[in-house]
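Student: Sharing a structure here in structure tokens format.
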Amino acid sequence: MADIEALKADLAGMKIEDNPAIVKQKSRDFFWYSPVLKRQLEHVTADLVVTPSSEAELIEVMKACHRHKVPVTTRGAGTGNYGQAMPLTGGAVLNLAELNRVVEVKRGAVVAEAGAIMYEMDEQTRGSSGQELRLHPSTYRTATIGGFIAGGSGGVGSIRWGGLRDLGNIVRLKVVTMEAEPRVLEMTGEDIHKVSHAYGTNGVITEVEMPLTLAQDWVDVIVGFDAFMDAARFADQIGNADGLLLKELAAIADPLPHDYFLRHKKFIPSGQNVVALMVAESSLLALKSMIGRSGGTMLYSSDEASDADLKSLPPVYELAWNHTTLRGLRVDPTITYLQVLYPYPDHLARVETMNRMFGDEVPAHLEFVRFDGKITCFGLPIVRFTTEDRLEEIMRLHEENGCPIFNAHRYTLEEGGMKQTDEVQLAFKRDADPDGLLNPGKMIAWEDPDFDFRTGGTFLFPGLQ
Ligand code: FAD
């Protein structure tokens with residue numbers, strides 16, 4: 001039985017928060033993106049939040065939680081959107097906000113504590129060495145590097161560098177185990193996959209080493225097209241243009257850009273499908289000539305924007321990835337979204353088929369990425385939500401048409417991912433968290449080894465408060 005009072009006594013002198021309203025706030029993430037998760041997780045809260053100020057303090061917290069059998073859910077900035085950072089059975093939220101230092105900037109890599117905010121890391125690496133991170137989520141300005149590695153997948157930069165799962169995009173991780181005497185492990189190479197994208201279920205990342213690339217002056221560009229498939233084809237074409245240095249490349253269908261991008265609305269006429277992108281200043285003239293041949297219209301380019309616009313407009317990456325959905329939810333709280341892969345080489349044909357099938361019930365949003373060395377696209381289409389049954393049906397129809405779904409309406413690792421046990425992560429959990437205290441309920445293979453993924457049924461964690 002978890003003994004919260006004994007834990008508090010052991011942690012006296014550390015930063016602890018047990019005010020129920022604040023604890024609840026720190027027990028939430030962006031789970032409410034999904035009407036399904038909203039229904040299931042709305043009530044979830046921890047018993048307390050602990051904020052260590054050093055790795056040594058963090059290890060003391062882990063020891064004490066282990067001693068008193070208190071579950072621990074690690075929290076970066078809480079911007080995950082599948083309830084990853086939510087403590088399903090209560091216990092302690094381990095808040096990494098104060099482990100946020102950049103430790104070292106080298107040629108080609110940065111070492112930072114796991115709670116460092118990615119935007120702030122880039123400010124430091126740009127300032128001191130003219131380098132920047134290869135990849136960041138669209139939550140760049142708020143999310144932590146540890147949360148990105150444990151809970152995210154890729155995003156801005158993926159058109160050039162692929163995703164976090166690609167070897168080389170994370171150099172090294174330092175991980176603390178959940179045992180009576182926690183170990184501090186260094187992971188490199190394929191070992192990184194033991195804990196990356198494991199939602200903190202099998203270790204706490206305390207320090208990361210990430211590769212850097214030459215910093216660029218990125219220009220935000222929005223190009224308009226009358227027909228969505230023309231926008232998608234143009235994005236595919238420039239994504240494949242080897243000499244063009246891009247950092248972000250999205251195609252978003254009418255009416256989403258005009259309806260949802262409120263601060264850019266004056267640039268985006270109704271009826272326009274857009275390609276929103278970030279291009280290196282040195283590639284801008286080449287891009288402009290390609291736009292000239294495409295039949296598209298340059299609607300916005302930050303190199304020509306007024307000072308007032310530059311100050312007031314969000315960067316293009318905050319129109320992309322899950323920010324498209326966030327902007328949509330602000331305009332119409334009844335919508336939700338999907339996460340789809342349109343596999344190469346038929347990606348555009350599959351996009352067209354899905355668009356034809358669903359029309360305005362599922363308006364398209366494509367994110368072009370390098371995936372296994374090929375340029376293809378993920379989809380984060382908006383869904384005009386009616387019922388959970390219809391949402392399930394829409395996802396099933398995608399899968400039946402060769403478009404795998406990464407289910408954004410499930411809180412477990414497996415259902416949100418490959419719908420099968422990750423033996424590497426499971427084996428590492430047995431080793432590093434033998435009592436199952438880290439983020440309980442998120443790894444089905446640990447909670448219910450007999451769960452049959454083939455039935456398509458939803459896993460319901462029995463320990464859910
Ligand atoms: P949290 O939400 O706090 O945590 C995420 C998961 O990691 C949780 O399971 C948590 O327990 C675990 N965790 C956190 N820190 C550690 C640690 N140090 N050690 C072990 N486990 C840990 N994701 C993308 O991949 N790409 C995107 O472009 C993207 N865009 C987004 C846009 C919006 C508007 C929103 C709401 C979300 C988006 N996301 C995206 C999801 C999310 O923002 C990112 O994955 C983000 O990097 C998570 O960082 P965080 O610090 O908020 O982590």
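Following the order of the structure tokens, first chain is A, next is B, and so on, with residues numbered from 1 inside each chain and ligands from 1 in the order they appear.
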Select from chain A every residue with an atom at most 7 Å from any atom of ligand 1, then for each give the shortest pair of atoms and their distance in Å to one decimal, using only C-alpha atoms and all ligand atoms, rows by chain and rising number, as CSV.
Tutor:
residue,atom,partner,partner_atom_place_in_ligand_line,distance
A:Asp29,CA,ligand 1,2 (O),6.0
A:Phe30,CA,ligand 1,36 (C),5.4
A:Thr73,CA,ligand 1,11 (O),5.3
A:Thr74,CA,ligand 1,11 (O),4.1
A:Arg75,CA,ligand 1,3 (O),3.9
A:Gly76,CA,ligand 1,3 (O),3.4
A:Ala77,CA,ligand 1,52 (O),3.6
A:Gly78,CA,ligand 1,3 (O),3.4
A:Thr79,CA,ligand 1,52 (O),3.5
A:Gly80,CA,ligand 1,2 (O),3.6
A:Asn81,CA,ligand 1,36 (C),5.4
A:Gln84,CA,ligand 1,9 (O),3.8
A:Ala85,CA,ligand 1,8 (C),3.8
A:Leu96,CA,ligand 1,18 (N),6.6
A:Ala114,CA,ligand 1,18 (N),4.9
A:Gly115,CA,ligand 1,18 (N),6.4
A:His136,CA,ligand 1,28 (O),6.7
A:Pro137,CA,ligand 1,28 (O),3.4
A:Ser138,CA,ligand 1,28 (O),4.1
A:Thr139,CA,ligand 1,32 (C),5.0
A:Ala143,CA,ligand 1,51 (O),3.9
A:Thr144,CA,ligand 1,51 (O),3.6
A:Ile145,CA,ligand 1,51 (O),6.3
A:Gly146,CA,ligand 1,18 (N),4.1
A:Gly147,CA,ligand 1,53 (O),3.3
A:Phe148,CA,ligand 1,47 (O),3.0
A:Ile149,CA,ligand 1,47 (O),6.8
A:Ala150,CA,ligand 1,7 (O),4.1
A:Gly151,CA,ligand 1,6 (C),3.7
A:Gly152,CA,ligand 1,45 (O),3.2
A:Ser153,CA,ligand 1,25 (O),3.8
A:Gly154,CA,ligand 1,25 (O),4.3
A:Gly155,CA,ligand 1,28 (O),3.9
A:Val156,CA,ligand 1,28 (O),6.2
A:Tyr199,CA,ligand 1,9 (O),3.3
A:Gly200,CA,ligand 1,21 (N),3.3
A:Gly203,CA,ligand 1,20 (C),5.9
A:Val204,CA,ligand 1,19 (N),3.8
A:Ile205,CA,ligand 1,19 (N),3.7
A:Thr206,CA,ligand 1,18 (N),5.5
A:Trp321,CA,ligand 1,28 (O),4.7
A:Asn322,CA,ligand 1,32 (C),3.8
A:His323,CA,ligand 1,34 (C),4.1
A:Leu326,CA,ligand 1,34 (C),5.4
A:Asn439,CA,ligand 1,11 (O),6.5
Student: Deliver the residues from the most recent selection as a file, using N, CA and C atoms, as a compact mmCIF listing (two decimals), in the first residue's frame.
Tutor:
# COMPACT_ATOMS: atom_id res chain seq x y z
N ASP A 29 -2.47 16.81 -18.80
CA ASP A 29 -1.78 17.27 -19.99
C ASP A 29 -2.84 17.67 -21.02
N PHE A 30 -2.57 17.51 -22.29
CA PHE A 30 -3.55 17.91 -23.32
C PHE A 30 -4.43 16.72 -23.72
N THR A 73 4.95 9.40 -11.61
CA THR A 73 4.74 9.78 -13.01
C THR A 73 5.56 11.02 -13.29
N THR A 74 6.51 10.88 -14.21
CA THR A 74 7.40 12.01 -14.51
C THR A 74 6.68 13.02 -15.38
N ARG A 75 6.99 14.28 -15.14
CA ARG A 75 6.36 15.36 -15.90
C ARG A 75 7.41 16.34 -16.40
N GLY A 76 7.31 16.62 -17.73
CA GLY A 76 8.15 17.68 -18.27
C GLY A 76 7.34 18.96 -18.20
N ALA A 77 6.70 19.32 -19.33
CA ALA A 77 5.84 20.50 -19.33
C ALA A 77 4.36 20.12 -19.43
N GLY A 78 4.06 18.81 -19.54
CA GLY A 78 2.66 18.39 -19.60
C GLY A 78 1.97 18.78 -20.90
N THR A 79 2.70 18.77 -22.01
CA THR A 79 2.06 19.10 -23.30
C THR A 79 1.75 17.85 -24.12
N GLY A 80 2.00 16.68 -23.57
CA GLY A 80 1.62 15.44 -24.28
C GLY A 80 0.11 15.46 -24.49
N ASN A 81 -0.36 14.81 -25.55
CA ASN A 81 -1.80 14.90 -25.75
C ASN A 81 -2.52 13.55 -25.77
N GLN A 84 -0.34 10.90 -21.49
CA GLN A 84 0.91 10.20 -21.12
C GLN A 84 1.39 10.59 -19.73
N ALA A 85 1.26 11.88 -19.40
CA ALA A 85 1.86 12.38 -18.16
C ALA A 85 0.84 12.38 -17.02
N LEU A 96 10.04 17.85 -13.48
CA LEU A 96 11.45 18.10 -13.82
C LEU A 96 11.76 19.55 -14.17
N ALA A 114 17.19 17.07 -18.45
CA ALA A 114 15.99 16.64 -19.18
C ALA A 114 14.84 17.64 -19.12
N GLY A 115 14.84 18.52 -18.11
CA GLY A 115 13.74 19.47 -17.99
C GLY A 115 13.99 20.76 -18.77
N HIS A 136 12.32 19.53 -33.35
CA HIS A 136 11.56 19.91 -32.15
C HIS A 136 10.08 19.78 -32.45
N PRO A 137 9.26 19.58 -31.42
CA PRO A 137 7.82 19.53 -31.64
C PRO A 137 7.31 20.95 -31.85
N SER A 138 6.07 21.08 -32.28
CA SER A 138 5.55 22.45 -32.46
C SER A 138 5.38 23.13 -31.10
N THR A 139 5.45 22.37 -30.00
CA THR A 139 5.42 22.93 -28.65
C THR A 139 6.83 23.37 -28.18
N ALA A 143 7.72 22.95 -24.32
CA ALA A 143 7.97 21.54 -23.94
C ALA A 143 9.43 21.30 -23.60
N THR A 144 9.66 20.24 -22.79
CA THR A 144 11.02 19.90 -22.37
C THR A 144 11.63 18.87 -23.31
N ILE A 145 12.95 18.84 -23.32
CA ILE A 145 13.63 17.88 -24.19
C ILE A 145 13.39 16.44 -23.69
N GLY A 146 13.33 16.25 -22.37
CA GLY A 146 13.09 14.90 -21.84
C GLY A 146 11.68 14.43 -22.18
N GLY A 147 10.70 15.33 -22.09
CA GLY A 147 9.32 14.98 -22.42
C GLY A 147 9.17 14.66 -23.90
N PHE A 148 9.91 15.39 -24.74
CA PHE A 148 9.88 15.13 -26.18
C PHE A 148 10.40 13.72 -26.46
N ILE A 149 11.51 13.37 -25.82
CA ILE A 149 12.11 12.05 -26.08
C ILE A 149 11.23 10.93 -25.50
N ALA A 150 10.65 11.16 -24.32
CA ALA A 150 9.86 10.11 -23.67
C ALA A 150 8.44 10.02 -24.23
N GLY A 151 7.92 11.16 -24.74
CA GLY A 151 6.50 11.16 -25.11
C GLY A 151 6.20 11.58 -26.53
N GLY A 152 7.19 12.14 -27.24
CA GLY A 152 6.93 12.65 -28.57
C GLY A 152 7.55 11.78 -29.65
N SER A 153 7.52 12.26 -30.89
CA SER A 153 8.02 11.41 -31.97
C SER A 153 8.84 12.17 -33.00
N GLY A 154 8.53 13.41 -33.24
CA GLY A 154 9.23 14.17 -34.28
C GLY A 154 8.48 15.45 -34.47
N GLY A 155 8.63 16.07 -35.62
CA GLY A 155 7.88 17.30 -35.85
C GLY A 155 8.64 18.22 -36.76
N VAL A 156 8.90 19.43 -36.27
CA VAL A 156 9.59 20.43 -37.06
C VAL A 156 11.03 19.93 -37.22
N TYR A 199 7.13 6.72 -22.43
CA TYR A 199 6.26 7.48 -21.51
C TYR A 199 6.79 7.46 -20.07
N GLY A 200 8.09 7.28 -19.89
CA GLY A 200 8.62 7.26 -18.52
C GLY A 200 8.13 6.06 -17.72
N GLY A 203 11.97 4.22 -16.50
CA GLY A 203 13.16 4.96 -16.08
C GLY A 203 12.89 6.45 -16.20
N VAL A 204 13.67 7.23 -15.47
CA VAL A 204 13.53 8.69 -15.57
C VAL A 204 14.78 9.23 -16.25
N ILE A 205 14.58 9.91 -17.35
CA ILE A 205 15.70 10.51 -18.08
C ILE A 205 16.09 11.78 -17.33
N THR A 206 17.36 11.90 -16.97
CA THR A 206 17.77 13.10 -16.24
C THR A 206 18.66 14.01 -17.10
N TRP A 321 1.63 20.66 -37.18
CA TRP A 321 1.56 19.53 -36.25
C TRP A 321 0.32 19.66 -35.37
N ASN A 322 0.44 19.42 -34.09
CA ASN A 322 -0.78 19.47 -33.27
C ASN A 322 -1.26 20.87 -32.97
N HIS A 323 -0.51 21.88 -33.39
CA HIS A 323 -1.02 23.24 -33.24
C HIS A 323 -2.17 23.52 -34.19
N LEU A 326 -4.99 22.40 -32.19
CA LEU A 326 -5.22 23.32 -31.06
C LEU A 326 -5.94 24.58 -31.52
N ASN A 439 4.81 5.33 -13.81
CA ASN A 439 3.67 5.65 -14.70
C ASN A 439 2.75 4.44 -14.95
Student: Extract, using only C-alpha atoms, all DNA, RNA and protein residues at most 9 Å from Ile444 in chain A, discarding same-chain residues fewer than 3 positions from it, and format them as an mmCIF file with N, CA, C and O atoms, in the first residue's frame.
Tutor:
data_model
loop_
_atom_site.group_PDB
_atom_site.id
_atom_site.type_symbol
_atom_site.label_atom_id
_atom_site.label_comp_id
_atom_site.auth_asym_id
_atom_site.auth_seq_id
_atom_site.Cartn_x
_atom_site.Cartn_y
_atom_site.Cartn_z
ATOM 1 N N THR A 412 -2.492 4.193 -23.691
ATOM 2 C CA THR A 412 -1.393 3.222 -23.567
ATOM 3 C C THR A 412 -0.412 3.347 -24.723
ATOM 4 O O THR A 412 -0.774 3.748 -25.830
ATOM 5 N N LEU A 413 0.823 2.944 -24.422
ATOM 6 C CA LEU A 413 1.886 2.980 -25.428
ATOM 7 C C LEU A 413 1.527 2.136 -26.642
ATOM 8 O O LEU A 413 1.666 2.576 -27.787
ATOM 9 N N GLU A 414 1.060 0.917 -26.381
ATOM 10 C CA GLU A 414 0.852 -0.014 -27.481
ATOM 11 C C GLU A 414 -0.303 0.418 -28.386
ATOM 12 O O GLU A 414 -0.184 0.377 -29.610
ATOM 13 N N GLU A 415 -1.424 0.832 -27.789
ATOM 14 C CA GLU A 415 -2.571 1.202 -28.620
ATOM 15 C C GLU A 415 -2.309 2.484 -29.415
ATOM 16 O O GLU A 415 -2.839 2.661 -30.508
ATOM 17 N N THR A 421 3.397 -5.730 -28.356
ATOM 18 C CA THR A 421 4.330 -5.548 -27.243
ATOM 19 C C THR A 421 5.693 -5.116 -27.764
ATOM 20 O O THR A 421 6.182 -5.663 -28.744
ATOM 21 N N GLY A 441 -0.120 1.778 -15.715
ATOM 22 C CA GLY A 441 -1.292 1.760 -16.596
ATOM 23 C C GLY A 441 -0.996 2.114 -18.040
ATOM 24 O O GLY A 441 -1.873 2.018 -18.897
ATOM 25 N N GLU A 447 0.979 -4.613 -17.586
ATOM 26 C CA GLU A 447 -0.240 -4.715 -16.773
ATOM 27 C C GLU A 447 -1.008 -6.003 -17.060
ATOM 28 O O GLU A 447 -1.598 -6.583 -16.165
ATOM 29 N N ASP A 448 -1.043 -6.411 -18.334
ATOM 30 C CA ASP A 448 -1.863 -7.566 -18.730
ATOM 31 C C ASP A 448 -1.164 -8.298 -19.877
ATOM 32 O O ASP A 448 -1.489 -8.093 -21.048
ATOM 33 N N PRO A 449 -0.200 -9.176 -19.516
ATOM 34 C CA PRO A 449 0.604 -9.831 -20.562
ATOM 35 C C PRO A 449 -0.240 -10.645 -21.530
ATOM 36 O O PRO A 449 0.206 -10.930 -22.646
ATOM 37 N N PHE A 451 -3.118 -9.681 -22.846
ATOM 38 C CA PHE A 451 -4.003 -8.836 -23.661
ATOM 39 C C PHE A 451 -3.811 -9.157 -25.143
ATOM 40 O O PHE A 451 -2.683 -9.237 -25.637
ATOM 41 N N PHE A 459 -7.991 -1.411 -24.091
ATOM 42 C CA PHE A 459 -7.478 -1.805 -22.774
ATOM 43 C C PHE A 459 -7.978 -0.809 -21.737
ATOM 44 O O PHE A 459 -7.853 0.400 -21.912
ATOM 45 N N PHE A 461 -7.346 0.122 -17.898
ATOM 46 C CA PHE A 461 -6.439 -0.141 -16.771
ATOM 47 C C PHE A 461 -7.259 -0.299 -15.489
ATOM 48 O O PHE A 461 -7.940 0.650 -15.071
#
Student: For CA of Pro52 in chain A and CA of Arg141 in chain A, determine how far apart the two atoms are, in Å to one decimal place.
Tutor: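 Calculated distance between CA of Pro52 in chain A and CA of Arg141 in chain A is 22.1 Å.
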Student: For Asp47 in chain A, work out the shell of residues within 8 Å, counting only C-alpha atoms and skipping chain neighbours fewer than 3 positions away, then give it as a PyMOL selection string.
Tutor: chain A and resi 4+18+20+23+90-92
Student: Counting only C-alpha atoms, which of A:Gly168, A:Gly13, A:Gly163, A:Gly83 gets nearest to Val61 in chain A?
Tutor: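 Smallest separation from Val61 in chain A among the options: A:Gly13.
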Student: What is the distance between CA of Val171 in chain A and CA of Arg101 in chain A, in Å to one decimal?
Tutor: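 CA of Arg101 in chain A lies 17.5 Å from CA of Val171 in chain A.
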Student: Please measure the separation of CA of Pro404 in chain A and CA of Ala235 in chain A, giving the value in Å to one decimal.
Tutor: 21.1 Å
Student: Write down as a PyMOL selection string the residues belonging to range 110-345 of chain A that are assigned strand (DSSP E) by DSSP computed on the backbone.
Tutor: chain A and resi 110-113+131-133+172-176+184-188+204-214+218-225+246-252+273-280+297-301+335-337+340-342
Student: Those residues with C-alpha atoms, as a tab-separated table (two decimals), in the first residue's frame please?
Tutor:
chain	number	residue	atom	x	y	z
A	110	VAL	CA	24.42	19.74	-26.82
A	111	VAL	CA	24.21	18.19	-23.36
A	112	ALA	CA	21.27	19.35	-21.24
A	113	GLU	CA	19.25	18.34	-18.23
A	131	GLN	CA	23.96	25.73	-33.94
A	132	GLU	CA	20.39	24.51	-33.29
A	133	LEU	CA	18.51	21.29	-32.56
A	172	ARG	CA	23.01	9.71	-25.32
A	173	LEU	CA	20.58	9.51	-22.41
A	174	LYS	CA	21.22	9.34	-18.69
A	175	VAL	CA	18.49	7.34	-16.96
A	176	VAL	CA	17.69	6.75	-13.28
A	184	VAL	CA	22.20	5.86	-13.00
A	185	LEU	CA	22.64	4.36	-16.48
A	186	GLU	CA	24.12	5.87	-19.64
A	187	MET	CA	22.47	4.76	-22.87
A	188	THR	CA	23.76	5.16	-26.39
A	204	VAL	CA	13.53	8.69	-15.57
A	205	ILE	CA	15.70	10.51	-18.08
A	206	THR	CA	17.77	13.10	-16.24
A	207	GLU	CA	20.23	14.23	-18.93
A	208	VAL	CA	20.30	14.11	-22.73
A	209	GLU	CA	22.87	14.65	-25.44
A	210	MET	CA	21.28	15.75	-28.72
A	211	PRO	CA	22.88	16.33	-32.13
A	212	LEU	CA	22.99	19.91	-33.39
A	213	THR	CA	22.99	21.29	-36.91
A	214	LEU	CA	24.01	24.66	-38.35
A	218	TRP	CA	14.28	30.41	-41.25
A	219	VAL	CA	11.67	32.15	-43.36
A	220	ASP	CA	7.99	31.32	-42.80
A	221	VAL	CA	6.05	30.93	-46.05
A	222	ILE	CA	2.39	30.19	-46.81
A	223	VAL	CA	1.40	29.26	-50.38
A	224	GLY	CA	-2.26	29.07	-51.46
A	225	PHE	CA	-3.89	26.64	-53.94
A	246	LEU	CA	13.35	23.10	-45.45
A	247	LYS	CA	12.56	22.65	-41.78
A	248	GLU	CA	8.78	22.35	-41.90
A	249	LEU	CA	6.37	21.36	-44.67
A	250	ALA	CA	2.61	20.98	-44.16
A	251	ALA	CA	-0.41	20.96	-46.47
A	252	ILE	CA	-3.70	21.99	-44.89
A	273	ASN	CA	-5.77	25.23	-49.35
A	274	VAL	CA	-2.30	26.05	-48.07
A	275	VAL	CA	1.22	24.74	-47.95
A	276	ALA	CA	2.85	26.17	-44.81
A	277	LEU	CA	6.60	25.82	-44.61
A	278	MET	CA	9.89	26.99	-43.14
A	279	VAL	CA	12.71	27.51	-45.62
A	280	ALA	CA	16.33	28.57	-45.04
A	297	THR	CA	0.05	31.92	-54.90
A	298	MET	CA	2.48	33.22	-52.29
A	299	LEU	CA	0.09	34.37	-49.55
A	300	TYR	CA	2.62	35.19	-46.86
A	301	SER	CA	6.37	35.31	-46.52
A	335	ILE	CA	-13.68	18.76	-33.27
A	336	THR	CA	-10.98	16.18	-32.71
A	337	TYR	CA	-8.30	14.61	-34.93
A	340	VAL	CA	-2.35	8.62	-39.83
A	341	LEU	CA	0.59	7.43	-41.90
A	342	TYR	CA	0.21	7.47	-45.69
Student: Residues of range 17-155 of chain A in helix (DSSP H, G or I) according to DSSP, as a PyMOL selection string?
Tutor: chain A and resi 20-25+31-33+35-41+55-67+118-129+145-151
Student: Looking at A:Ala109, A:Ile238, A:Ala21, A:Ala12, which one is nearest to Ser289 in chain A, with distances taken over only C-alpha atoms?
Tutor: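 That would be A:Ile238, the residue with the smallest distance to Ser289 in chain A.
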Student: So which one's closest to Arg160 in chain A, A:Asp191, A:Asp236, A:Glu179, A:Asp242? Using only C-alpha atoms, please.
Tutor: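 Checking each candidate against Arg160 in chain A, we get A:Asp242 as the closest.
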Student: Between A:Val105, A:Met354, A:Ile59, A:Ala308, which residue has the minimum interatomic distance to Glu400 in chain A, considering only C-alpha atoms?
Tutor: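 So, comparing all the options, the nearest one is A:Met354.
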Student: Just the residues within 10 Å of Asp372 in chain A, please, counting only C-alpha atoms, with nothing from its chain fewer than 6 positions along; format it as a ChimeraX atom specification.
Tutor: /A:162-163,166,344
Student: A:Ala2, A:Ala64, A:Cys377, A:Met178: which is nearest Arg430 in chain A, counting only C-alpha atoms?
Tutor: A:Met178
Student: With distances taken over only C-alpha atoms, which residue among A:Gly271, A:Gly328, A:Gly456, A:Pro255 lies nearest Arg396 in chain A?
Tutor: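 So, comparing all the options, the nearest one is A:Gly456.
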Student: Skipping near chain neighbours, those fewer than 5 positions away, what residues fall within 12 Å of Leu48 in chain A using only C-alpha atoms, listed as a ChimeraX atom specification?
Tutor: /A:3-5,7-8,11,15-27,65,70-73,87,90-95
Student: Do a neighbour search on Pro434 in chain A at 12 Å with only C-alpha atoms, toss out local chain neighbours closer than 6 positions, and write the hits as a short mmCIF file (atom, residue, chain, number, x, y, z; two decimals) with N, CA and C atoms, in the first residue's frame.
Tutor:
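Result file part26.cif:
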data_model
loop_
_atom_site.label_atom_id
_atom_site.label_comp_id
_atom_site.auth_asym_id
_atom_site.auth_seq_id
_atom_site.Cartn_x
_atom_site.Cartn_y
_atom_site.Cartn_z
N HIS A 66 10.09 4.44 -3.76
CA HIS A 66 10.22 2.98 -3.80
C HIS A 66 9.96 2.39 -2.42
N LYS A 69 6.31 2.54 -1.68
CA LYS A 69 5.45 1.96 -2.74
C LYS A 69 4.54 3.01 -3.37
N THR A 177 16.98 4.55 -12.49
CA THR A 177 16.04 3.43 -12.34
C THR A 177 15.21 3.60 -11.07
N MET A 178 14.14 2.78 -10.97
CA MET A 178 13.22 2.84 -9.83
C MET A 178 13.44 1.60 -8.96
N GLU A 179 14.41 1.72 -8.05
CA GLU A 179 14.76 0.57 -7.19
C GLU A 179 15.10 1.09 -5.80
N ALA A 180 15.30 0.16 -4.86
CA ALA A 180 15.68 0.57 -3.50
C ALA A 180 16.93 1.44 -3.56
N PRO A 182 18.52 3.28 -6.54
CA PRO A 182 18.43 3.58 -7.98
C PRO A 182 19.81 3.60 -8.64
N THR A 201 7.80 4.95 -18.41
CA THR A 201 7.32 3.76 -17.69
C THR A 201 8.47 2.90 -17.19
N ASN A 202 9.68 3.16 -17.64
CA ASN A 202 10.76 2.25 -17.24
C ASN A 202 12.06 2.97 -16.88
N GLY A 203 11.97 4.22 -16.50
CA GLY A 203 13.16 4.96 -16.08
C GLY A 203 12.89 6.45 -16.20
N LEU A 426 9.75 -3.65 -22.55
CA LEU A 426 9.22 -4.49 -21.47
C LEU A 426 10.36 -5.11 -20.66
N ALA A 427 11.37 -5.64 -21.36
CA ALA A 427 12.50 -6.26 -20.66
C ALA A 427 13.22 -5.23 -19.80
N PHE A 428 13.34 -4.01 -20.33
CA PHE A 428 14.02 -2.99 -19.54
C PHE A 428 13.18 -2.59 -18.33
N TRP A 446 2.98 -4.89 -19.53
CA TRP A 446 3.31 -5.05 -18.11
C TRP A 446 2.05 -5.34 -17.30
#
